>>> print(open('run-v3.pdb').read())   # PDB, C-alpha atoms
MODEL        1
ATOM      1  CA  MET A   1      61.107  56.721 -19.672
ATOM      2  CA  PRO A   2      61.526  53.058 -18.938
ATOM      3  CA  ALA A   3      58.593  50.861 -19.996
ATOM      4  CA  ALA A   4      56.519  49.183 -17.331
ATOM      5  CA  SER A   5      57.887  45.756 -16.490
ATOM      6  CA  ALA A   6      54.480  44.120 -16.250
ATOM      7  CA  THR A   7      50.970  44.829 -17.348
ATOM      8  CA  SER A   8      48.677  45.402 -14.395
ATOM      9  CA  SER A   9      45.403  43.410 -14.301
ATOM     10  CA  PRO A  10      42.174  45.387 -14.785
ATOM     11  CA  LYS A  11      40.573  46.431 -11.555
ATOM     12  CA  PRO A  12      36.914  45.493 -10.959
ATOM     13  CA  LYS A  13      34.451  48.306 -11.161
ATOM     14  CA  LYS A  14      33.545  49.714  -7.825
ATOM     15  CA  GLY A  15      29.939  49.338  -6.740
ATOM     16  CA  GLY A  16      29.257  46.404  -9.079
ATOM     17  CA  LEU A  17      28.327  42.836  -8.125
ATOM     18  CA  GLY A  18      30.525  39.906  -8.961
ATOM     19  CA  ARG A  19      29.333  37.283 -11.429
ATOM     20  CA  SER A  20      28.943  34.617  -8.743
ATOM     21  CA  VAL A  21      26.868  36.967  -6.581
ATOM     22  CA  ARG A  22      24.630  37.831  -9.529
ATOM     23  CA  ASN A  23      24.176  34.134 -10.312
ATOM     24  CA  ASP A  24      23.260  33.435  -6.701
ATOM     25  CA  LEU A  25      20.745  36.267  -6.658
ATOM     26  CA  THR A  26      19.214  34.985  -9.897
ATOM     27  CA  ALA A  27      18.848  31.503  -8.447
ATOM     28  CA  TYR A  28      17.346  32.828  -5.200
ATOM     29  CA  SER A  29      14.888  34.957  -7.157
ATOM     30  CA  PHE A  30      13.483  31.804  -8.779
ATOM     31  CA  ILE A  31      12.974  29.927  -5.509
ATOM     32  CA  ALA A  32      11.931  32.947  -3.455
ATOM     33  CA  PRO A  33       8.185  32.926  -4.397
ATOM     34  CA  ASN A  34       7.793  29.253  -3.493
ATOM     35  CA  PHE A  35       9.859  29.635  -0.318
ATOM     36  CA  ILE A  36       7.902  32.706   0.800
ATOM     37  CA  GLY A  37       4.639  30.884   0.132
ATOM     38  CA  PHE A  38       5.870  27.879   2.123
ATOM     39  CA  CYS A  39       6.844  30.075   5.063
ATOM     40  CA  VAL A  40       3.612  32.087   5.077
ATOM     41  CA  PHE A  41       1.121  29.268   4.476
ATOM     42  CA  THR A  42       2.898  26.203   5.950
ATOM     43  CA  LEU A  43       5.854  26.875   8.233
ATOM     44  CA  VAL A  44       4.407  29.779  10.236
ATOM     45  CA  PRO A  45       0.991  28.065  10.754
ATOM     46  CA  MET A  46       2.781  24.891  11.879
ATOM     47  CA  VAL A  47       4.846  26.759  14.463
ATOM     48  CA  PHE A  48       1.749  28.656  15.573
ATOM     49  CA  ALA A  49      -0.204  25.389  15.912
ATOM     50  CA  VAL A  50       2.521  23.873  18.100
ATOM     51  CA  GLY A  51       2.357  26.842  20.453
ATOM     52  CA  LEU A  52      -1.432  26.986  20.328
ATOM     53  CA  SER A  53      -1.704  23.326  21.363
ATOM     54  CA  LEU A  54      -0.390  24.406  24.769
ATOM     55  CA  CYS A  55      -3.017  27.117  25.137
ATOM     56  CA  ASN A  56      -6.737  27.621  25.522
ATOM     57  CA  TRP A  57      -8.225  29.987  22.943
ATOM     58  CA  ASP A  58     -11.666  30.402  21.430
ATOM     59  CA  GLY A  59     -10.718  33.174  18.988
ATOM     60  CA  VAL A  60     -12.493  35.843  21.049
ATOM     61  CA  HIS A  61     -10.929  35.987  24.489
ATOM     62  CA  ALA A  62      -7.251  36.295  25.307
ATOM     63  CA  VAL A  63      -4.961  33.308  24.789
ATOM     64  CA  GLU A  64      -4.465  31.366  28.026
ATOM     65  CA  PHE A  65      -1.421  29.159  28.487
ATOM     66  CA  ILE A  66      -2.428  25.819  30.049
ATOM     67  CA  GLY A  67       0.605  23.628  29.317
ATOM     68  CA  LEU A  68      -0.144  19.979  28.514
ATOM     69  CA  GLN A  69      -3.760  20.106  29.688
ATOM     70  CA  ASN A  70      -5.121  19.758  26.140
ATOM     71  CA  PHE A  71      -3.141  16.559  25.624
ATOM     72  CA  ILE A  72      -4.266  15.224  29.017
ATOM     73  CA  ASP A  73      -7.897  15.865  28.105
ATOM     74  CA  LEU A  74      -7.488  13.741  24.969
ATOM     75  CA  PHE A  75      -7.300  10.568  27.080
ATOM     76  CA  SER A  76     -10.849  11.128  28.359
ATOM     77  CA  ASP A  77     -12.320  12.340  25.064
ATOM     78  CA  ARG A  78     -14.537   9.580  23.654
ATOM     79  CA  THR A  79     -14.870  11.271  20.252
ATOM     80  CA  PHE A  80     -11.102  11.561  19.922
ATOM     81  CA  LYS A  81     -10.626   7.870  20.727
ATOM     82  CA  THR A  82     -13.260   6.917  18.164
ATOM     83  CA  ALA A  83     -11.687   9.162  15.537
ATOM     84  CA  PHE A  84      -8.241   7.746  16.328
ATOM     85  CA  TRP A  85      -9.326   4.139  15.796
ATOM     86  CA  ASN A  86     -11.443   5.008  12.748
ATOM     87  CA  THR A  87      -8.398   6.646  11.160
ATOM     88  CA  LEU A  88      -6.299   3.534  11.783
ATOM     89  CA  ILE A  89      -9.048   1.259  10.430
ATOM     90  CA  TYR A  90      -9.419   3.399   7.318
ATOM     91  CA  CYS A  91      -5.660   3.398   6.739
ATOM     92  CA  VAL A  92      -5.307  -0.374   7.252
ATOM     93  CA  GLY A  93      -8.244  -1.021   4.936
ATOM     94  CA  THR A  94      -7.367   1.469   2.213
ATOM     95  CA  VAL A  95      -3.600   1.225   1.758
ATOM     96  CA  PRO A  96      -3.197  -2.542   1.033
ATOM     97  CA  LEU A  97      -6.362  -2.749  -1.066
ATOM     98  CA  THR A  98      -5.372   0.261  -3.185
ATOM     99  CA  LEU A  99      -1.866  -1.153  -3.638
ATOM    100  CA  VAL A 100      -3.190  -4.502  -4.846
ATOM    101  CA  CYS A 101      -5.856  -3.017  -7.138
ATOM    102  CA  SER A 102      -3.581  -0.395  -8.698
ATOM    103  CA  LEU A 103      -0.735  -2.864  -9.248
ATOM    104  CA  GLY A 104      -3.074  -5.477 -10.697
ATOM    105  CA  LEU A 105      -4.651  -2.906 -13.005
ATOM    106  CA  ALA A 106      -1.220  -1.695 -14.100
ATOM    107  CA  MET A 107      -0.040  -5.242 -14.821
ATOM    108  CA  LEU A 108      -3.178  -5.906 -16.862
ATOM    109  CA  LEU A 109      -3.044  -2.677 -18.868
ATOM    110  CA  ASN A 110       0.701  -3.014 -19.435
ATOM    111  CA  GLN A 111      -0.021  -5.926 -21.742
ATOM    112  CA  ASP A 112      -0.574  -5.555 -25.470
ATOM    113  CA  VAL A 113      -4.374  -5.722 -25.427
ATOM    114  CA  ARG A 114      -6.974  -4.067 -27.622
ATOM    115  CA  LEU A 115      -8.270  -0.636 -26.547
ATOM    116  CA  ARG A 116      -5.486  -0.425 -23.957
ATOM    117  CA  ASN A 117      -5.323   3.372 -24.026
ATOM    118  CA  PHE A 118      -9.103   3.604 -23.706
ATOM    119  CA  PHE A 119      -9.159   1.426 -20.599
ATOM    120  CA  ARG A 120      -6.247   3.373 -19.117
ATOM    121  CA  THR A 121      -8.212   6.583 -19.564
ATOM    122  CA  VAL A 122     -11.366   5.071 -18.078
ATOM    123  CA  SER A 123      -9.406   3.790 -15.074
ATOM    124  CA  PHE A 124      -7.860   7.208 -14.461
ATOM    125  CA  PHE A 125     -11.114   9.141 -14.900
ATOM    126  CA  PRO A 126     -12.474   8.698 -11.318
ATOM    127  CA  TYR A 127      -9.353  10.344  -9.912
ATOM    128  CA  VAL A 128      -9.710  13.527 -11.972
ATOM    129  CA  ALA A 129     -13.500  13.661 -11.779
ATOM    130  CA  SER A 130     -15.190  16.014  -9.321
ATOM    131  CA  LEU A 131     -15.426  14.489  -5.862
ATOM    132  CA  VAL A 132     -18.886  15.955  -5.354
ATOM    133  CA  ALA A 133     -20.184  14.384  -8.566
ATOM    134  CA  VAL A 134     -18.704  10.920  -8.074
ATOM    135  CA  ALA A 135     -19.762  10.860  -4.411
ATOM    136  CA  ALA A 136     -23.344  11.680  -5.387
ATOM    137  CA  VAL A 137     -23.318   8.906  -7.993
ATOM    138  CA  TRP A 138     -21.768   6.496  -5.497
ATOM    139  CA  ASN A 139     -24.481   7.218  -2.911
ATOM    140  CA  MET A 140     -27.141   6.635  -5.551
ATOM    141  CA  ILE A 141     -25.620   3.315  -6.642
ATOM    142  CA  PHE A 142     -25.298   2.087  -3.044
ATOM    143  CA  SER A 143     -28.592   3.493  -1.819
ATOM    144  CA  PRO A 144     -30.115   1.004   0.681
ATOM    145  CA  SER A 145     -33.654   1.429  -0.652
ATOM    146  CA  MET A 146     -33.420   1.850  -4.429
ATOM    147  CA  GLY A 147     -29.774   1.508  -5.367
ATOM    148  CA  PRO A 148     -28.908  -0.927  -8.191
ATOM    149  CA  VAL A 149     -26.439  -2.830  -5.989
ATOM    150  CA  ASN A 150     -29.072  -3.787  -3.415
ATOM    151  CA  MET A 151     -31.582  -4.448  -6.199
ATOM    152  CA  LEU A 152     -29.106  -6.911  -7.701
ATOM    153  CA  LEU A 153     -28.527  -8.563  -4.324
ATOM    154  CA  SER A 154     -32.277  -8.829  -3.817
ATOM    155  CA  ALA A 155     -32.688 -10.414  -7.257
ATOM    156  CA  LEU A 156     -30.006 -12.952  -6.305
ATOM    157  CA  GLY A 157     -32.079 -14.048  -3.322
ATOM    158  CA  VAL A 158     -30.787 -11.941  -0.436
ATOM    159  CA  ALA A 159     -33.588 -11.241   2.038
ATOM    160  CA  GLU A 160     -34.680  -7.638   2.338
ATOM    161  CA  GLU A 161     -33.828  -7.454   6.026
ATOM    162  CA  SER A 162     -30.332  -8.807   5.266
ATOM    163  CA  LEU A 163     -29.487  -6.249   2.598
ATOM    164  CA  PRO A 164     -26.552  -4.031   3.628
ATOM    165  CA  ARG A 165     -27.331  -0.416   4.409
ATOM    166  CA  TRP A 166     -23.928   0.695   3.095
ATOM    167  CA  ALA A 167     -23.275   4.351   4.022
ATOM    168  CA  ALA A 168     -26.428   4.461   6.160
ATOM    169  CA  GLY A 169     -25.420   1.481   8.303
ATOM    170  CA  LYS A 170     -23.118   1.819  11.283
ATOM    171  CA  GLU A 171     -21.428  -1.520  10.558
ATOM    172  CA  THR A 172     -20.994  -0.954   6.818
ATOM    173  CA  ALA A 173     -20.343   2.794   6.562
ATOM    174  CA  MET A 174     -16.562   2.504   6.924
ATOM    175  CA  ILE A 175     -16.446  -0.320   4.375
ATOM    176  CA  THR A 176     -18.395   1.856   1.934
ATOM    177  CA  VAL A 177     -15.979   4.767   2.330
ATOM    178  CA  ILE A 178     -12.956   2.459   1.949
ATOM    179  CA  LEU A 179     -14.353   0.974  -1.272
ATOM    180  CA  PHE A 180     -15.115   4.441  -2.589
ATOM    181  CA  SER A 181     -11.585   5.665  -1.824
ATOM    182  CA  VAL A 182      -9.993   2.639  -3.482
ATOM    183  CA  TRP A 183     -12.154   3.040  -6.587
ATOM    184  CA  LYS A 184     -11.438   6.770  -6.872
ATOM    185  CA  ASN A 185      -7.668   6.676  -6.257
ATOM    186  CA  MET A 186      -6.458   3.429  -7.785
ATOM    187  CA  GLY A 187      -6.304   4.964 -11.284
ATOM    188  CA  TYR A 188      -3.727   7.521 -10.135
ATOM    189  CA  TYR A 189      -1.495   4.903  -8.531
ATOM    190  CA  MET A 190      -2.004   2.667 -11.573
ATOM    191  CA  VAL A 191      -0.294   5.368 -13.656
ATOM    192  CA  ILE A 192       2.630   5.413 -11.206
ATOM    193  CA  TYR A 193       2.955   1.632 -11.397
ATOM    194  CA  LEU A 194       2.771   1.774 -15.189
ATOM    195  CA  ALA A 195       5.737   4.137 -15.147
ATOM    196  CA  GLY A 196       7.561   1.727 -12.852
ATOM    197  CA  LEU A 197       6.813  -1.224 -15.114
ATOM    198  CA  GLN A 198       8.225   0.676 -18.076
ATOM    199  CA  GLY A 199      11.512   0.912 -16.190
ATOM    200  CA  THR A 200      11.892  -2.789 -15.434
ATOM    201  CA  ASN A 201      14.474  -4.894 -17.254
ATOM    202  CA  PRO A 202      12.702  -7.243 -19.711
ATOM    203  CA  SER A 203      15.834  -9.364 -20.155
ATOM    204  CA  LEU A 204      15.519 -10.592 -16.559
ATOM    205  CA  GLU A 205      11.983 -11.807 -17.223
ATOM    206  CA  GLU A 206      13.112 -13.473 -20.438
ATOM    207  CA  ALA A 207      15.944 -15.244 -18.605
ATOM    208  CA  ALA A 208      13.543 -16.462 -15.904
ATOM    209  CA  ARG A 209      11.126 -17.682 -18.586
ATOM    210  CA  LEU A 210      13.931 -19.642 -20.281
ATOM    211  CA  ASP A 211      14.768 -21.216 -16.922
ATOM    212  CA  GLY A 212      11.218 -22.562 -16.706
ATOM    213  CA  ALA A 213       9.663 -20.045 -14.321
ATOM    214  CA  ASN A 214       5.906 -19.569 -14.618
ATOM    215  CA  LYS A 215       4.130 -16.202 -14.662
ATOM    216  CA  TRP A 216       3.583 -16.153 -10.902
ATOM    217  CA  HIS A 217       7.253 -16.847 -10.161
ATOM    218  CA  ILE A 218       8.328 -14.197 -12.675
ATOM    219  CA  PHE A 219       6.028 -11.632 -11.079
ATOM    220  CA  TRP A 220       6.957 -12.486  -7.486
ATOM    221  CA  HIS A 221      10.711 -12.940  -7.887
ATOM    222  CA  VAL A 222      11.574 -10.720 -10.872
ATOM    223  CA  THR A 223       8.991  -7.997 -11.499
ATOM    224  CA  LEU A 224       7.960  -7.146  -7.945
ATOM    225  CA  PRO A 225      11.526  -6.663  -6.617
ATOM    226  CA  GLN A 226      12.204  -4.214  -9.430
ATOM    227  CA  LEU A 227       9.076  -2.292  -8.405
ATOM    228  CA  ARG A 228      10.246  -1.908  -4.803
ATOM    229  CA  PRO A 229      11.050   1.847  -5.102
ATOM    230  CA  THR A 230       7.688   2.471  -6.759
ATOM    231  CA  THR A 231       5.844   0.453  -4.115
ATOM    232  CA  PHE A 232       7.650   2.323  -1.360
ATOM    233  CA  PHE A 233       6.657   5.682  -2.841
ATOM    234  CA  VAL A 234       3.040   4.600  -3.314
ATOM    235  CA  THR A 235       2.861   3.207   0.239
ATOM    236  CA  ILE A 236       4.209   6.398   1.800
ATOM    237  CA  THR A 237       1.890   8.589  -0.273
ATOM    238  CA  LEU A 238      -1.145   6.430   0.439
ATOM    239  CA  THR A 239      -0.435   6.251   4.159
ATOM    240  CA  ILE A 240      -0.110  10.003   4.553
ATOM    241  CA  ALA A 241      -3.234  10.600   2.454
ATOM    242  CA  SER A 242      -5.178   8.038   4.512
ATOM    243  CA  PHE A 243      -4.326   9.743   7.788
ATOM    244  CA  LYS A 244      -5.379  13.106   6.367
ATOM    245  CA  VAL A 245      -8.679  11.877   4.894
ATOM    246  CA  TYR A 246     -11.589  14.258   5.289
ATOM    247  CA  ASP A 247     -13.355  14.980   2.006
ATOM    248  CA  GLN A 248     -14.488  11.399   1.356
ATOM    249  CA  MET A 249     -15.990  11.151   4.834
ATOM    250  CA  TYR A 250     -17.737  14.480   4.470
ATOM    251  CA  MET A 251     -19.224  13.709   1.051
ATOM    252  CA  ILE A 252     -20.274  10.105   1.683
ATOM    253  CA  THR A 253     -21.286   9.848   5.363
ATOM    254  CA  GLN A 254     -20.701  13.245   7.050
ATOM    255  CA  GLY A 255     -18.829  11.307   9.728
ATOM    256  CA  GLY A 256     -21.852   9.151  10.563
ATOM    257  CA  PRO A 257     -23.915   7.262  11.282
ATOM    258  CA  GLY A 258     -23.116   8.565  14.749
ATOM    259  CA  ASP A 259     -19.326   8.545  14.952
ATOM    260  CA  ALA A 260     -18.852   5.482  12.732
ATOM    261  CA  THR A 261     -16.708   7.239  10.126
ATOM    262  CA  ILE A 262     -15.376  10.284  11.956
ATOM    263  CA  THR A 263     -11.610  10.611  11.523
ATOM    264  CA  LEU A 264      -8.959  12.762  13.176
ATOM    265  CA  VAL A 265      -9.091  15.490  10.523
ATOM    266  CA  TYR A 266     -12.885  15.480  10.684
ATOM    267  CA  ASP A 267     -12.674  15.746  14.471
ATOM    268  CA  ILE A 268     -10.232  18.673  14.170
ATOM    269  CA  TYR A 269     -12.648  20.432  11.816
ATOM    270  CA  ASN A 270     -15.579  19.912  14.191
ATOM    271  CA  ILE A 271     -13.654  21.129  17.233
ATOM    272  CA  ALA A 272     -12.299  24.222  15.514
ATOM    273  CA  PHE A 273     -15.155  25.348  13.255
ATOM    274  CA  VAL A 274     -18.430  23.500  13.864
ATOM    275  CA  ASN A 275     -18.923  23.408  17.608
ATOM    276  CA  THR A 276     -17.819  26.078  20.096
ATOM    277  CA  PRO A 277     -14.339  26.984  18.799
ATOM    278  CA  LYS A 278     -11.496  25.386  20.734
ATOM    279  CA  TYR A 279      -8.487  26.219  18.632
ATOM    280  CA  GLY A 280      -5.983  25.101  21.241
ATOM    281  CA  TYR A 281      -7.630  21.707  21.675
ATOM    282  CA  ALA A 282      -7.944  21.282  17.904
ATOM    283  CA  SER A 283      -4.229  22.065  17.577
ATOM    284  CA  ALA A 284      -3.463  19.374  20.165
ATOM    285  CA  VAL A 285      -5.361  16.802  18.083
ATOM    286  CA  ALA A 286      -3.454  18.018  15.015
ATOM    287  CA  MET A 287      -0.147  17.465  16.841
ATOM    288  CA  VAL A 288      -1.192  13.888  17.630
ATOM    289  CA  LEU A 289      -2.008  13.353  13.953
ATOM    290  CA  PHE A 290       1.351  14.812  12.950
ATOM    291  CA  ALA A 291       3.164  12.500  15.391
ATOM    292  CA  MET A 292       1.304   9.453  14.028
ATOM    293  CA  VAL A 293       2.202  10.255  10.424
ATOM    294  CA  LEU A 294       5.818  10.983  11.378
ATOM    295  CA  VAL A 295       6.270   7.718  13.302
ATOM    296  CA  ILE A 296       4.707   5.542  10.616
ATOM    297  CA  THR A 297       6.722   7.269   7.882
ATOM    298  CA  LEU A 298       9.976   6.769   9.810
ATOM    299  CA  VAL A 299       9.130   3.099  10.365
ATOM    300  CA  GLN A 300       8.469   2.645   6.651
ATOM    301  CA  PHE A 301      11.735   4.378   5.765
ATOM    302  CA  ARG A 302      13.614   2.173   8.229
ATOM    303  CA  GLY A 303      11.980  -0.963   6.823
ATOM    304  CA  SER A 304      12.840   0.071   3.286
ATOM    305  CA  SER A 305      16.497   0.728   4.184
ATOM    306  CA  ASN A 306      16.753  -2.651   5.930
ATOM    307  CA  ASN A 307      15.330  -4.436   2.876
ATOM    308  CA  ASP A 308      17.827  -2.694   0.628
TER     309      ASP A 308
ENDMDL
END
>>> encode(input="run-v3.pdb", output="structure tokens")
Amino acid sequence: MPAASATSSPKPKKGGLGRSVRNDLTAYSFIAPNFIGFCVFTLVPMVFAVGLSLCNWDGVHAVEFIGLQNFIDLFSDRTFKTAFWNTLIYCVGTVPLTLVCSLGLAMLLNQDVRLRNFFRTVSFFPYVASLVAVAAVWNMIFSPSMGPVNMLLSALGVAEESLPRWAAGKETAMITVILFSVWKNMGYYMVIYLAGLQGTNPSLEEAARLDGANKWHIFWHVTLPQLRPTTFFVTITLTIASFKVYDQMYMITQGGPGDATITLVYDIYNIAFVNTPKYGYASAVAMVLFAMVLVITLVQFRGSSNND
């Protein structure tokens, strides 16, 4: 018999999966738990909240579709207006001050000083410490009647009636919460800035120093531009966290005195869980908060792209 002119290639086994398909399934199996968790606990609640913002529902009776009525009612809601402006005030007060303090702390602890690692640890400790514990200590330190801060001010000659009431005063409560937030969070952002400083090019600073630039010029024209990506990340993170603030307000002032420190998230919590439940109205406030964060984030991204 004549020999076969060519050797036929082996046929793939029937019923088996190809190597590329198996690799894809392996990759999907790794991301599936996180993706399923995202869908169940984030994506589905978000979609449900969007639909619920157009409805009236107290969790007991049937859902009633009312269109944009919840959003219309926001314009006449005094508590919502107060929470809206308090959130903006908190954000404007917290973000720049935390940026300056964390960057200054990072610049200081990036130097070759004694006990540098100890001071880095001490600076980071408030961020990892229990919020309940540090808030209790903070309220004791800034107690209007027997706190050491007011005792020191009184010893320096400040009249008793002029002493600030801190968290108990309507005019000073927001300032107290802002200072507490800056003190608690600046250690975390200091670590981020320290990582950014480690990535700067020291030869550029050396060249500027040889050209006669002083420390301020080197920082402003050499170091700070190299930290632009880090500053952008910190600004975005701080802004989003400031708009979502709730725990600091709850632990320090409980939203008071009156409505002096109530924020949008605190207002959402009160509407949905404290007072008579209005889940649709609370969802409408949440949509306003989402729109605010989205707009400000897009503006910051646009500003960063223009600067680049």
>>> residues_around(input="run-v3.pdb", residues="Ala129 of chain A", least_positions_apart="6", cutoff="12 Å", atoms="all atoms listed in the file", output="list in words")
Thr121, Val122, Ser123, Ala135, Ala136, Val137, Trp183, Lys184, Asn185, Gly187 and Tyr188 of chain A
>>> atom_distance(input="run-v3.pdb", atom1="atom CA of Val158 of chain A", atom2="atom CA of Thr98 of chain A")
28.3 Å
>>> residues_around(input="run-v3.pdb", residues="segment 259-263 of chain A", least_positions_apart="5", cutoff="7 Å", atoms="all atoms listed in the file", output="list of chain:residue names")
A:Ala83, A:Phe84, A:Asn86, A:Thr87, A:Lys170, A:Ala173, A:Met174, A:Met249
>>> closest_residue(input="run-v3.pdb", among="A:Ser29, A:Thr230, A:Ser53, A:Ser130", to="Gly280 of chain A", atoms="all atoms listed in the file")
A:Ser53
>>> closest_residue(input="run-v3.pdb", among="A:Val293, A:Leu264, A:Gly196, A:Lys278", to="Phe80 of chain A", atoms="only C-alpha atoms")
A:Leu264
>>> atom_distance(input="run-v3.pdb", atom1="atom CA of Tyr28 of chain A", atom2="atom CA of Pro45 of chain A")
23.3 Å
>>> closest_residue(input="run-v3.pdb", among="A:Tyr281, A:Thr237, A:Ile31, A:Pro202", to="Glu64 of chain A", atoms="all atoms listed in the file")
A:Tyr281
